[in-house]
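Enquirer: Questions regarding the structure given below will be posed in turn.
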Amino acid sequence: MALNADVLRAYVGYLRDLGVHDLYRRGDPQAGPVEFAEESVAPQTSLPQTSQPQAVAAAQPVAVVERVVEQVSAMSMPIQPLPTPGFLEAPVGRLVSFNDLAPLPAAPVPVEQRAAALRAIQEEIGDCTRCPLAYLGRRSIVFADGDPGARLMFVGEGPGADEDASGIPFVGKAGQLLNNMIQAMGLQREAVYIANIVKCRPPQNRVPEPLEANTCDPFLLRQIDIVQPQVIVALGATAATYLLGVKQSLTSLRGRWHSCRGAKLAVTYHPAFLLRDPRQKGEAWKDLQMVMAELGLQAPARKPAQ
Ligand code: URA
């Protein structure tokens, strides 16, 4: 993670919301708060030697940021109560698959009740401040898009600028490619369900931090449990990592079935990656063909060349 003033402010704001106000006095109850002047946050290379912990903190802003992040990471639960009794506490520093994060629902939500059930989650999320992304410039909380009764669900990483502006996942360039992939499978976008690991845009589209993903995960898990898709496609490494609870190369995860919340899960390249390296589109198409075979889908007939 880049240690800069914005990140530091976000974490400090997050800690304040958690009710932590004595962050700067730990280890030296007499010392006053450290001033976080803009210029004091830039990493310094030559540091004055001092035995005062607080002075060290002031002189080593990077160390302070690390301490803030450490304290945030050490917190075992987000501010608001965990979404459903039975959830494990937000895992700290270890990956837990969605299968192990909560028991499977006892019974499926009837199709006609799914839209309302999803709306209730969205309302519960509200104007979320459960993780630092709330303080890092997000404009929208991008919940999901598509059919609550879909048989196929796509999970991406997190909203980008276009999604943050519109509040809808996958509407930018990567979204247009995802739409093409969906159409090539013989489906309309409206017939599938699309969501992300995190619902708020990480600054500069960086990969979500574990704390951010873990905080958001229980909501996505509940969305999956309500929609109960037959197949989930994890788009890219971040989605695969958090859904499956393993950190492995995409190559080793592609081309075979995994399981997630009672659905079959396939891993493929993220459309943004395919835009950067279009040579991999053929490989992604193989993954989608595996999905199509499972769902009994046929690619639409190609228009004859004129
Ligand atoms: N990339 C993602 O992972 N999700 C989006 O919604 C948009 C781009």
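Following the order of the structure tokens, first chain is A, next is B, and so on, with residues numbered from 1 inside each chain and ligands from 1 in the order they appear.
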Grab me every residue within 10 Å of ligand 1, counting only C-alpha atoms and all ligand atoms, and send it over as a ChimeraX atom specification.
Expert: /A:142-145,154-164,167-176,178,194-201,205,207,234-236,238-239,270-273
Enquirer: So that I can see what lies close to A:Leu250, please list as a list in words the residues with an atom at most 10 Å from it, counting only C-alpha atoms and leaving out residues fewer than 5 positions away in the same chain.
Expert: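 The neighbour list is Leu235, Gly236, Ala237, Thr238, Ala240, Thr241, Gly255, Val267, Thr268 and Tyr269 of chain A.
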Enquirer: Take the residues just selected and output them with N, CA, C and O atoms as an mmCIF file, in the first residue's frame.
Expert:
data_model
loop_
_atom_site.group_PDB
_atom_site.id
_atom_site.type_symbol
_atom_site.label_atom_id
_atom_site.label_comp_id
_atom_site.auth_asym_id
_atom_site.auth_seq_id
_atom_site.Cartn_x
_atom_site.Cartn_y
_atom_site.Cartn_z
ATOM 1 N N LEU A 235 -13.827 -12.838 -11.970
ATOM 2 C CA LEU A 235 -13.084 -12.093 -12.985
ATOM 3 C C LEU A 235 -11.783 -11.595 -12.370
ATOM 4 O O LEU A 235 -11.772 -10.601 -11.636
ATOM 5 N N GLY A 236 -10.708 -12.303 -12.618
ATOM 6 C CA GLY A 236 -9.399 -11.847 -12.156
ATOM 7 C C GLY A 236 -9.005 -12.378 -10.791
ATOM 8 O O GLY A 236 -9.790 -13.020 -10.089
ATOM 9 N N ALA A 237 -7.769 -12.048 -10.437
ATOM 10 C CA ALA A 237 -7.146 -12.647 -9.254
ATOM 11 C C ALA A 237 -7.800 -12.191 -7.952
ATOM 12 O O ALA A 237 -7.938 -12.976 -7.011
ATOM 13 N N THR A 238 -8.211 -10.928 -7.862
ATOM 14 C CA THR A 238 -8.766 -10.447 -6.592
ATOM 15 C C THR A 238 -10.061 -11.180 -6.274
ATOM 16 O O THR A 238 -10.273 -11.643 -5.141
ATOM 17 N N ALA A 240 -11.009 -14.104 -7.391
ATOM 18 C CA ALA A 240 -10.705 -15.513 -7.104
ATOM 19 C C ALA A 240 -10.124 -15.665 -5.698
ATOM 20 O O ALA A 240 -10.522 -16.558 -4.933
ATOM 21 N N THR A 241 -9.218 -14.776 -5.333
ATOM 22 C CA THR A 241 -8.554 -14.864 -4.033
ATOM 23 C C THR A 241 -9.565 -14.816 -2.893
ATOM 24 O O THR A 241 -9.529 -15.647 -1.978
ATOM 25 N N GLY A 255 -9.568 -23.130 -15.822
ATOM 26 C CA GLY A 255 -9.697 -24.401 -16.533
ATOM 27 C C GLY A 255 -10.268 -25.521 -15.698
ATOM 28 O O GLY A 255 -10.278 -26.673 -16.131
ATOM 29 N N VAL A 267 -12.861 -19.502 -12.855
ATOM 30 C CA VAL A 267 -11.983 -18.319 -12.779
ATOM 31 C C VAL A 267 -11.543 -17.955 -14.191
ATOM 32 O O VAL A 267 -11.184 -18.835 -14.972
ATOM 33 N N THR A 268 -11.613 -16.678 -14.522
ATOM 34 C CA THR A 268 -11.072 -16.248 -15.814
ATOM 35 C C THR A 268 -10.396 -14.892 -15.677
ATOM 36 O O THR A 268 -10.363 -14.309 -14.589
ATOM 37 N N TYR A 269 -9.852 -14.435 -16.784
ATOM 38 C CA TYR A 269 -9.150 -13.151 -16.756
ATOM 39 C C TYR A 269 -10.132 -12.003 -16.568
ATOM 40 O O TYR A 269 -11.259 -12.048 -17.065
#
Enquirer: Of the candidates A:Leu288, A:Leu265, A:Val96, A:Leu8, which one gets nearest to A:Lys247 if we count only C-alpha atoms?
Expert: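 Checking each of A:Leu288, A:Leu265, A:Val96, A:Leu8 against A:Lys247, counting only C-alpha atoms, the winner is A:Val96.
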Enquirer: One decimal, Å: what's the distance from atom CA of A:Val291 over to atom CA of A:Ala191, could you say?
Expert: 14.8 Å
Enquirer: Write out as a CSV table (one decimal) with all heavy atoms, in the first residue's frame the set of residues from stretch 185-291 of chain A that DSSP, computed on the backbone, places in helix (DSSP H, G or I).
Expert:
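Here's the written file result-v2.csv:
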chain,number,residue,atom,x,y,z
A,189,ARG,N,-26.9,-8.9,-20.9
A,189,ARG,CA,-26.4,-8.5,-19.6
A,189,ARG,C,-27.5,-8.5,-18.5
A,189,ARG,O,-27.2,-8.8,-17.4
A,189,ARG,CB,-25.8,-7.1,-19.8
A,189,ARG,CG,-25.3,-6.5,-18.4
A,189,ARG,CD,-24.7,-5.1,-18.6
A,189,ARG,NE,-24.6,-4.4,-17.4
A,189,ARG,CZ,-23.5,-4.0,-16.8
A,189,ARG,NH1,-22.3,-4.2,-17.4
A,189,ARG,NH2,-23.5,-3.4,-15.6
A,190,GLU,N,-28.7,-8.1,-18.9
A,190,GLU,CA,-29.8,-8.0,-17.9
A,190,GLU,C,-30.1,-9.4,-17.4
A,190,GLU,O,-30.8,-9.5,-16.3
A,190,GLU,CB,-31.1,-7.5,-18.6
A,190,GLU,CG,-30.9,-6.1,-19.1
A,190,GLU,CD,-30.1,-5.9,-20.4
A,190,GLU,OE1,-30.1,-6.9,-21.2
A,190,GLU,OE2,-29.4,-4.9,-20.5
A,191,ALA,N,-29.7,-10.5,-18.0
A,191,ALA,CA,-30.0,-11.8,-17.5
A,191,ALA,C,-29.0,-12.4,-16.5
A,191,ALA,O,-29.3,-13.4,-16.0
A,191,ALA,CB,-30.1,-12.8,-18.7
A,203,PRO,N,-8.8,4.2,-4.5
A,203,PRO,CA,-8.2,5.3,-5.2
A,203,PRO,C,-7.2,4.8,-6.2
A,203,PRO,O,-6.5,3.8,-6.0
A,203,PRO,CB,-7.5,6.1,-4.0
A,203,PRO,CG,-7.5,5.2,-2.9
A,203,PRO,CD,-8.6,4.2,-3.0
A,204,GLN,N,-7.2,5.5,-7.3
A,204,GLN,CA,-6.4,5.2,-8.5
A,204,GLN,C,-6.6,3.7,-8.9
A,204,GLN,O,-5.7,3.1,-9.5
A,204,GLN,CB,-4.9,5.4,-8.2
A,204,GLN,CG,-4.4,6.8,-8.3
A,204,GLN,CD,-4.5,7.5,-6.9
A,204,GLN,OE1,-4.2,7.0,-5.9
A,204,GLN,NE2,-5.1,8.7,-6.9
A,205,ASN,N,-7.7,3.2,-8.6
A,205,ASN,CA,-8.1,1.8,-9.0
A,205,ASN,C,-7.1,0.8,-8.5
A,205,ASN,O,-6.9,-0.3,-9.1
A,205,ASN,CB,-8.2,1.6,-10.5
A,205,ASN,CG,-9.2,2.5,-11.1
A,205,ASN,OD1,-10.2,3.0,-10.4
A,205,ASN,ND2,-9.1,2.8,-12.4
A,210,PRO,N,-6.8,-6.0,2.1
A,210,PRO,CA,-7.5,-7.1,2.7
A,210,PRO,C,-8.6,-6.6,3.7
A,210,PRO,O,-9.7,-7.1,3.8
A,210,PRO,CB,-6.4,-7.9,3.5
A,210,PRO,CG,-5.2,-7.7,2.6
A,210,PRO,CD,-5.3,-6.3,2.1
A,211,LEU,N,-8.3,-5.6,4.5
A,211,LEU,CA,-9.2,-5.0,5.4
A,211,LEU,C,-10.5,-4.6,4.7
A,211,LEU,O,-11.6,-4.8,5.2
A,211,LEU,CB,-8.6,-3.9,6.2
A,211,LEU,CG,-9.6,-3.1,7.1
A,211,LEU,CD1,-9.8,-3.9,8.4
A,211,LEU,CD2,-9.2,-1.7,7.4
A,212,GLU,N,-10.3,-3.9,3.5
A,212,GLU,CA,-11.4,-3.4,2.8
A,212,GLU,C,-12.3,-4.6,2.2
A,212,GLU,O,-13.5,-4.6,2.3
A,212,GLU,CB,-10.9,-2.5,1.7
A,212,GLU,CG,-10.2,-1.3,2.2
A,212,GLU,CD,-9.1,-0.7,1.2
A,212,GLU,OE1,-9.0,-1.2,0.1
A,212,GLU,OE2,-8.5,0.3,1.6
A,213,ALA,N,-11.6,-5.5,1.6
A,213,ALA,CA,-12.3,-6.7,1.0
A,213,ALA,C,-13.0,-7.5,2.1
A,213,ALA,O,-14.2,-7.9,2.0
A,213,ALA,CB,-11.3,-7.6,0.3
A,214,ASN,N,-12.3,-7.7,3.2
A,214,ASN,CA,-12.9,-8.5,4.3
A,214,ASN,C,-14.1,-7.9,4.9
A,214,ASN,O,-15.1,-8.5,5.3
A,214,ASN,CB,-11.9,-8.8,5.4
A,214,ASN,CG,-10.8,-9.7,5.0
A,214,ASN,OD1,-11.0,-10.5,4.0
A,214,ASN,ND2,-9.7,-9.7,5.7
A,215,THR,N,-14.1,-6.5,4.9
A,215,THR,CA,-15.2,-5.8,5.5
A,215,THR,C,-16.4,-5.9,4.6
A,215,THR,O,-17.6,-6.0,5.0
A,215,THR,CB,-14.8,-4.3,5.7
A,215,THR,OG1,-13.7,-4.3,6.6
A,215,THR,CG2,-15.9,-3.5,6.4
A,216,CYS,N,-16.2,-5.8,3.3
A,216,CYS,CA,-17.3,-5.9,2.3
A,216,CYS,C,-17.8,-7.3,2.0
A,216,CYS,O,-18.9,-7.5,1.6
A,216,CYS,CB,-16.7,-5.2,1.0
A,216,CYS,SG,-17.9,-4.1,0.2
A,217,ASP,N,-16.9,-8.3,2.2
A,217,ASP,CA,-17.2,-9.7,1.8
A,217,ASP,C,-18.6,-10.2,2.4
A,217,ASP,O,-19.3,-10.8,1.6
A,217,ASP,CB,-16.1,-10.6,2.4
A,217,ASP,CG,-15.0,-10.7,1.4
A,217,ASP,OD1,-15.0,-10.2,0.3
A,217,ASP,OD2,-13.9,-11.3,1.8
A,218,PRO,N,-18.9,-9.9,3.6
A,218,PRO,CA,-20.2,-10.5,4.1
A,218,PRO,C,-21.4,-10.0,3.3
A,218,PRO,O,-22.4,-10.8,3.2
A,218,PRO,CB,-20.3,-10.0,5.6
A,218,PRO,CG,-18.8,-9.8,6.0
A,218,PRO,CD,-18.2,-9.3,4.7
A,219,PHE,N,-21.3,-8.8,2.8
A,219,PHE,CA,-22.5,-8.4,2.0
A,219,PHE,C,-22.6,-9.1,0.7
A,219,PHE,O,-23.6,-9.5,0.2
A,219,PHE,CB,-22.4,-6.8,1.8
A,219,PHE,CG,-22.5,-6.1,3.1
A,219,PHE,CD1,-21.4,-5.4,3.6
A,219,PHE,CD2,-23.7,-6.1,3.8
A,219,PHE,CE1,-21.5,-4.8,4.8
A,219,PHE,CE2,-23.8,-5.4,5.0
A,219,PHE,CZ,-22.6,-4.8,5.5
A,220,LEU,N,-21.4,-9.3,0.0
A,220,LEU,CA,-21.4,-10.0,-1.2
A,220,LEU,C,-21.8,-11.4,-1.0
A,220,LEU,O,-22.6,-12.0,-1.8
A,220,LEU,CB,-20.0,-10.0,-1.8
A,220,LEU,CG,-19.8,-10.8,-3.1
A,220,LEU,CD1,-20.7,-10.3,-4.2
A,220,LEU,CD2,-18.3,-10.7,-3.6
A,221,LEU,N,-21.3,-12.0,0.1
A,221,LEU,CA,-21.7,-13.4,0.4
A,221,LEU,C,-23.3,-13.5,0.5
A,221,LEU,O,-23.9,-14.4,0.0
A,221,LEU,CB,-21.0,-13.8,1.7
A,221,LEU,CG,-21.3,-15.2,2.2
A,221,LEU,CD1,-20.0,-15.7,2.9
A,221,LEU,CD2,-22.5,-15.4,3.0
A,222,ARG,N,-23.9,-12.5,1.2
A,222,ARG,CA,-25.3,-12.6,1.3
A,222,ARG,C,-26.0,-12.4,0.0
A,222,ARG,O,-27.1,-13.0,-0.3
A,222,ARG,CB,-25.8,-11.6,2.3
A,222,ARG,CG,-25.4,-12.0,3.8
A,222,ARG,CD,-25.5,-10.9,4.7
A,222,ARG,NE,-26.9,-10.4,4.9
A,222,ARG,CZ,-27.2,-9.2,5.4
A,222,ARG,NH1,-26.3,-8.4,5.9
A,222,ARG,NH2,-28.5,-8.9,5.6
A,223,GLN,N,-25.4,-11.5,-0.9
A,223,GLN,CA,-26.0,-11.4,-2.2
A,223,GLN,C,-25.9,-12.7,-3.0
A,223,GLN,O,-26.9,-13.1,-3.6
A,223,GLN,CB,-25.2,-10.3,-3.0
A,223,GLN,CG,-25.5,-8.9,-2.5
A,223,GLN,CD,-24.5,-7.9,-3.1
A,223,GLN,OE1,-23.4,-7.7,-2.6
A,223,GLN,NE2,-24.9,-7.3,-4.2
A,224,ILE,N,-24.8,-13.4,-2.9
A,224,ILE,CA,-24.7,-14.7,-3.6
A,224,ILE,C,-25.7,-15.7,-3.0
A,224,ILE,O,-26.4,-16.4,-3.7
A,224,ILE,CB,-23.3,-15.3,-3.4
A,224,ILE,CG1,-22.2,-14.4,-4.1
A,224,ILE,CG2,-23.2,-16.7,-3.9
A,224,ILE,CD1,-20.8,-14.8,-3.8
A,225,ASP,N,-25.9,-15.7,-1.7
A,225,ASP,CA,-26.8,-16.6,-1.0
A,225,ASP,C,-28.3,-16.3,-1.4
A,225,ASP,O,-29.1,-17.2,-1.5
A,225,ASP,CB,-26.7,-16.6,0.5
A,225,ASP,CG,-25.5,-17.4,1.0
A,225,ASP,OD1,-24.8,-18.0,0.1
A,225,ASP,OD2,-25.2,-17.3,2.2
A,226,ILE,N,-28.6,-15.0,-1.7
A,226,ILE,CA,-29.9,-14.7,-2.1
A,226,ILE,C,-30.1,-15.1,-3.6
A,226,ILE,O,-31.1,-15.7,-4.0
A,226,ILE,CB,-30.2,-13.2,-1.9
A,226,ILE,CG1,-30.3,-12.9,-0.4
A,226,ILE,CG2,-31.5,-12.8,-2.6
A,226,ILE,CD1,-30.3,-11.5,0.0
A,227,VAL,N,-29.2,-14.7,-4.5
A,227,VAL,CA,-29.4,-15.0,-5.9
A,227,VAL,C,-29.2,-16.5,-6.2
A,227,VAL,O,-29.9,-17.0,-7.0
A,227,VAL,CB,-28.3,-14.2,-6.7
A,227,VAL,CG1,-28.4,-14.5,-8.2
A,227,VAL,CG2,-28.5,-12.6,-6.5
A,237,ALA,N,-7.8,-12.0,-10.4
A,237,ALA,CA,-7.1,-12.6,-9.3
A,237,ALA,C,-7.8,-12.2,-8.0
A,237,ALA,O,-7.9,-13.0,-7.0
A,237,ALA,CB,-5.7,-12.3,-9.2
A,238,THR,N,-8.2,-10.9,-7.9
A,238,THR,CA,-8.8,-10.4,-6.6
A,238,THR,C,-10.1,-11.2,-6.3
A,238,THR,O,-10.3,-11.6,-5.1
A,238,THR,CB,-9.0,-8.9,-6.7
A,238,THR,OG1,-7.7,-8.3,-6.9
A,238,THR,CG2,-9.6,-8.4,-5.4
A,239,ALA,N,-10.9,-11.3,-7.3
A,239,ALA,CA,-12.2,-12.0,-7.0
A,239,ALA,C,-11.9,-13.5,-6.7
A,239,ALA,O,-12.5,-14.0,-5.7
A,239,ALA,CB,-13.1,-11.9,-8.3
A,240,ALA,N,-11.0,-14.1,-7.4
A,240,ALA,CA,-10.7,-15.5,-7.1
A,240,ALA,C,-10.1,-15.7,-5.7
A,240,ALA,O,-10.5,-16.6,-4.9
A,240,ALA,CB,-9.7,-16.1,-8.1
A,241,THR,N,-9.2,-14.8,-5.3
A,241,THR,CA,-8.6,-14.9,-4.0
A,241,THR,C,-9.6,-14.8,-2.9
A,241,THR,O,-9.5,-15.6,-2.0
A,241,THR,CB,-7.5,-13.7,-3.9
A,241,THR,OG1,-6.6,-13.8,-4.9
A,241,THR,CG2,-6.9,-13.7,-2.5
A,242,TYR,N,-10.5,-13.8,-2.9
A,242,TYR,CA,-11.4,-13.7,-1.8
A,242,TYR,C,-12.5,-14.7,-1.8
A,242,TYR,O,-12.9,-15.2,-0.8
A,242,TYR,CB,-11.9,-12.2,-1.7
A,242,TYR,CG,-10.8,-11.3,-1.2
A,242,TYR,CD1,-10.1,-10.5,-2.1
A,242,TYR,CD2,-10.4,-11.3,0.1
A,242,TYR,CE1,-9.0,-9.8,-1.7
A,242,TYR,CE2,-9.4,-10.6,0.6
A,242,TYR,CZ,-8.7,-9.8,-0.3
A,242,TYR,OH,-7.6,-9.0,0.1
A,243,LEU,N,-13.0,-15.0,-3.0
A,243,LEU,CA,-14.1,-16.0,-3.1
A,243,LEU,C,-13.7,-17.3,-2.6
A,243,LEU,O,-14.4,-18.1,-1.9
A,243,LEU,CB,-14.7,-16.0,-4.5
A,243,LEU,CG,-15.5,-14.8,-4.9
A,243,LEU,CD1,-15.8,-14.9,-6.4
A,243,LEU,CD2,-16.8,-14.6,-4.1
A,244,LEU,N,-12.5,-17.7,-3.1
A,244,LEU,CA,-12.0,-19.1,-2.8
A,244,LEU,C,-11.1,-19.1,-1.6
A,244,LEU,O,-10.8,-20.3,-1.1
A,244,LEU,CB,-11.2,-19.6,-4.0
A,244,LEU,CG,-12.0,-19.7,-5.3
A,244,LEU,CD1,-11.1,-20.1,-6.5
A,244,LEU,CD2,-13.2,-20.7,-5.1
A,250,LEU,N,-3.6,-17.1,-11.4
A,250,LEU,CA,-4.8,-17.3,-12.2
A,250,LEU,C,-4.6,-18.6,-13.1
A,250,LEU,O,-5.6,-19.3,-13.2
A,250,LEU,CB,-5.0,-16.1,-13.1
A,250,LEU,CG,-6.4,-15.6,-13.2
A,250,LEU,CD1,-7.0,-15.3,-11.8
A,250,LEU,CD2,-6.5,-14.4,-14.1
A,251,THR,N,-3.4,-18.8,-13.6
A,251,THR,CA,-3.2,-19.9,-14.4
A,251,THR,C,-3.5,-21.2,-13.7
A,251,THR,O,-4.1,-22.1,-14.3
A,251,THR,CB,-1.7,-20.0,-14.9
A,251,THR,OG1,-1.3,-18.6,-15.2
A,251,THR,CG2,-1.5,-20.9,-16.0
A,252,SER,N,-3.2,-21.3,-12.5
A,252,SER,CA,-3.4,-22.5,-11.7
A,252,SER,C,-4.9,-22.7,-11.4
A,252,SER,O,-5.3,-23.8,-11.1
A,252,SER,CB,-2.5,-22.6,-10.5
A,252,SER,OG,-3.0,-21.7,-9.5
A,253,LEU,N,-5.6,-21.6,-11.3
A,253,LEU,CA,-7.0,-21.7,-10.9
A,253,LEU,C,-8.0,-21.8,-12.1
A,253,LEU,O,-9.1,-22.3,-12.0
A,253,LEU,CB,-7.4,-20.4,-10.1
A,253,LEU,CG,-6.7,-20.2,-8.8
A,253,LEU,CD1,-7.0,-18.8,-8.2
A,253,LEU,CD2,-7.2,-21.3,-7.8
A,271,PRO,N,-11.7,-8.5,-17.5
A,271,PRO,CA,-11.8,-7.8,-18.8
A,271,PRO,C,-10.7,-6.7,-18.9
A,271,PRO,O,-10.2,-6.4,-20.0
A,271,PRO,CB,-13.2,-7.3,-18.8
A,271,PRO,CG,-14.0,-8.0,-17.8
A,271,PRO,CD,-13.0,-8.6,-16.8
A,272,ALA,N,-10.4,-6.0,-17.8
A,272,ALA,CA,-9.4,-4.9,-17.9
A,272,ALA,C,-8.1,-5.5,-18.3
A,272,ALA,O,-7.3,-4.9,-19.1
A,272,ALA,CB,-9.3,-4.2,-16.6
A,273,PHE,N,-7.8,-6.7,-17.8
A,273,PHE,CA,-6.5,-7.4,-18.2
A,273,PHE,C,-6.6,-7.7,-19.7
A,273,PHE,O,-5.6,-7.5,-20.5
A,273,PHE,CB,-6.3,-8.6,-17.4
A,273,PHE,CG,-5.2,-9.5,-17.9
A,273,PHE,CD1,-3.8,-9.1,-17.6
A,273,PHE,CD2,-5.4,-10.6,-18.6
A,273,PHE,CE1,-2.8,-9.9,-18.1
A,273,PHE,CE2,-4.4,-11.4,-19.1
A,273,PHE,CZ,-3.1,-11.1,-18.9
A,274,LEU,N,-7.8,-8.2,-20.2
A,274,LEU,CA,-7.9,-8.6,-21.6
A,274,LEU,C,-7.8,-7.3,-22.5
A,274,LEU,O,-7.3,-7.5,-23.6
A,274,LEU,CB,-9.2,-9.3,-21.8
A,274,LEU,CG,-9.4,-10.6,-21.1
A,274,LEU,CD1,-10.8,-11.1,-21.3
A,274,LEU,CD2,-8.4,-11.6,-21.6
A,275,LEU,N,-8.2,-6.2,-22.0
A,275,LEU,CA,-8.0,-5.0,-22.8
A,275,LEU,C,-6.5,-4.6,-22.9
A,275,LEU,O,-6.1,-4.1,-24.0
A,275,LEU,CB,-8.7,-3.8,-22.1
A,275,LEU,CG,-10.2,-3.8,-22.2
A,275,LEU,CD1,-10.8,-2.7,-21.3
A,275,LEU,CD2,-10.7,-3.7,-23.6
A,276,ARG,N,-5.8,-5.0,-21.9
A,276,ARG,CA,-4.3,-4.7,-22.0
A,276,ARG,C,-3.6,-5.8,-22.8
A,276,ARG,O,-2.6,-5.5,-23.4
A,276,ARG,CB,-3.7,-4.6,-20.5
A,276,ARG,CG,-4.1,-3.4,-19.7
A,276,ARG,CD,-3.2,-3.2,-18.5
A,276,ARG,NE,-3.3,-4.3,-17.6
A,276,ARG,CZ,-4.2,-4.4,-16.7
A,276,ARG,NH1,-5.2,-3.5,-16.5
A,276,ARG,NH2,-4.2,-5.5,-15.8
A,278,PRO,N,-4.9,-8.4,-25.3
A,278,PRO,CA,-6.0,-9.0,-26.1
A,278,PRO,C,-5.7,-10.4,-26.6
A,278,PRO,O,-6.6,-11.2,-26.9
A,278,PRO,CB,-6.3,-8.1,-27.3
A,278,PRO,CG,-5.6,-6.8,-26.9
A,278,PRO,CD,-4.5,-7.1,-26.0
A,279,ARG,N,-4.4,-10.8,-26.6
A,279,ARG,CA,-4.0,-12.1,-27.0
A,279,ARG,C,-4.6,-13.2,-26.1
A,279,ARG,O,-4.7,-14.3,-26.4
A,279,ARG,CB,-2.5,-12.3,-27.0
A,279,ARG,CG,-1.8,-11.5,-28.1
A,279,ARG,CD,-0.3,-11.5,-27.9
A,279,ARG,NE,0.0,-11.0,-26.5
A,279,ARG,CZ,1.2,-10.9,-26.0
A,279,ARG,NH1,2.2,-11.4,-26.6
A,279,ARG,NH2,1.3,-10.5,-24.7
A,280,GLN,N,-4.9,-12.8,-24.9
A,280,GLN,CA,-5.5,-13.8,-23.9
A,280,GLN,C,-7.0,-14.0,-24.0
A,280,GLN,O,-7.6,-14.8,-23.3
A,280,GLN,CB,-5.2,-13.3,-22.5
A,280,GLN,CG,-3.7,-13.2,-22.2
A,280,GLN,CD,-2.9,-14.4,-22.5
A,280,GLN,OE1,-3.4,-15.5,-22.3
A,280,GLN,NE2,-1.7,-14.2,-22.9
A,281,LYS,N,-7.6,-13.3,-25.0
A,281,LYS,CA,-9.1,-13.4,-25.2
A,281,LYS,C,-9.5,-14.8,-25.5
A,281,LYS,O,-10.5,-15.3,-25.1
A,281,LYS,CB,-9.6,-12.4,-26.2
A,281,LYS,CG,-9.7,-11.0,-25.8
A,281,LYS,CD,-10.3,-10.1,-26.8
A,281,LYS,CE,-10.4,-8.7,-26.4
A,281,LYS,NZ,-10.9,-7.8,-27.5
A,282,GLY,N,-8.6,-15.5,-26.3
A,282,GLY,CA,-8.9,-16.9,-26.7
A,282,GLY,C,-9.0,-17.8,-25.4
A,282,GLY,O,-9.8,-18.7,-25.3
A,283,GLU,N,-8.0,-17.5,-24.5
A,283,GLU,CA,-8.0,-18.3,-23.3
A,283,GLU,C,-9.3,-18.0,-22.4
A,283,GLU,O,-9.9,-18.9,-21.9
A,283,GLU,CB,-6.8,-18.0,-22.4
A,283,GLU,CG,-5.5,-18.5,-23.0
A,283,GLU,CD,-5.5,-20.0,-23.1
A,283,GLU,OE1,-5.6,-20.7,-22.1
A,283,GLU,OE2,-5.3,-20.5,-24.2
A,284,ALA,N,-9.7,-16.7,-22.4
A,284,ALA,CA,-10.9,-16.4,-21.6
A,284,ALA,C,-12.1,-17.1,-22.2
A,284,ALA,O,-13.0,-17.5,-21.5
A,284,ALA,CB,-11.0,-14.9,-21.6
A,285,TRP,N,-12.1,-17.1,-23.6
A,285,TRP,CA,-13.2,-17.7,-24.3
A,285,TRP,C,-13.3,-19.2,-23.9
A,285,TRP,O,-14.4,-19.7,-23.7
A,285,TRP,CB,-13.1,-17.5,-25.8
A,285,TRP,CG,-14.2,-18.0,-26.6
A,285,TRP,CD1,-14.1,-18.9,-27.7
A,285,TRP,CD2,-15.6,-17.8,-26.4
A,285,TRP,NE1,-15.3,-19.2,-28.2
A,285,TRP,CE2,-16.3,-18.5,-27.5
A,285,TRP,CE3,-16.4,-17.0,-25.5
A,285,TRP,CZ2,-17.7,-18.5,-27.6
A,285,TRP,CZ3,-17.8,-17.0,-25.7
A,285,TRP,CH2,-18.4,-17.8,-26.7
A,286,LYS,N,-12.2,-19.9,-23.7
A,286,LYS,CA,-12.2,-21.3,-23.3
A,286,LYS,C,-12.9,-21.4,-21.9
A,286,LYS,O,-13.7,-22.3,-21.7
A,286,LYS,CB,-10.8,-21.9,-23.2
A,286,LYS,CG,-10.1,-22.1,-24.5
A,286,LYS,CD,-8.8,-22.8,-24.2
A,286,LYS,CE,-7.8,-22.7,-25.4
A,286,LYS,NZ,-6.4,-22.9,-25.1
A,287,ASP,N,-12.6,-20.5,-21.0
A,287,ASP,CA,-13.2,-20.5,-19.7
A,287,ASP,C,-14.7,-20.3,-19.8
A,287,ASP,O,-15.5,-21.0,-19.1
A,287,ASP,CB,-12.6,-19.4,-18.8
A,287,ASP,CG,-11.1,-19.5,-18.6
A,287,ASP,OD1,-10.6,-20.6,-18.6
A,287,ASP,OD2,-10.4,-18.5,-18.4
A,288,LEU,N,-15.1,-19.4,-20.7
A,288,LEU,CA,-16.5,-19.1,-20.8
A,288,LEU,C,-17.2,-20.3,-21.5
A,288,LEU,O,-18.4,-20.5,-21.2
A,288,LEU,CB,-16.7,-17.8,-21.6
A,288,LEU,CG,-16.2,-16.5,-20.9
A,288,LEU,CD1,-16.5,-15.3,-21.8
A,288,LEU,CD2,-16.7,-16.4,-19.5
A,289,GLN,N,-16.6,-21.0,-22.4
A,289,GLN,CA,-17.2,-22.1,-23.0
A,289,GLN,C,-17.4,-23.2,-22.0
A,289,GLN,O,-18.4,-23.9,-22.1
A,289,GLN,CB,-16.3,-22.6,-24.1
A,289,GLN,CG,-16.4,-21.8,-25.4
A,289,GLN,CD,-15.5,-22.2,-26.5
A,289,GLN,OE1,-14.3,-22.4,-26.3
A,289,GLN,NE2,-16.1,-22.4,-27.7
A,290,MET,N,-16.5,-23.4,-21.0
A,290,MET,CA,-16.7,-24.3,-19.9
A,290,MET,C,-18.0,-23.9,-19.2
A,290,MET,O,-18.9,-24.8,-18.8
A,290,MET,CB,-15.5,-24.3,-19.0
A,290,MET,CG,-15.5,-25.3,-17.9
A,290,MET,SD,-13.9,-25.2,-17.0
A,290,MET,CE,-14.4,-24.2,-15.6
A,291,VAL,N,-18.2,-22.7,-18.9
A,291,VAL,CA,-19.4,-22.2,-18.2
A,291,VAL,C,-20.7,-22.4,-19.1
A,291,VAL,O,-21.7,-22.9,-18.6
A,291,VAL,CB,-19.2,-20.7,-17.9
A,291,VAL,CG1,-20.5,-20.1,-17.4
A,291,VAL,CG2,-18.1,-20.4,-16.9
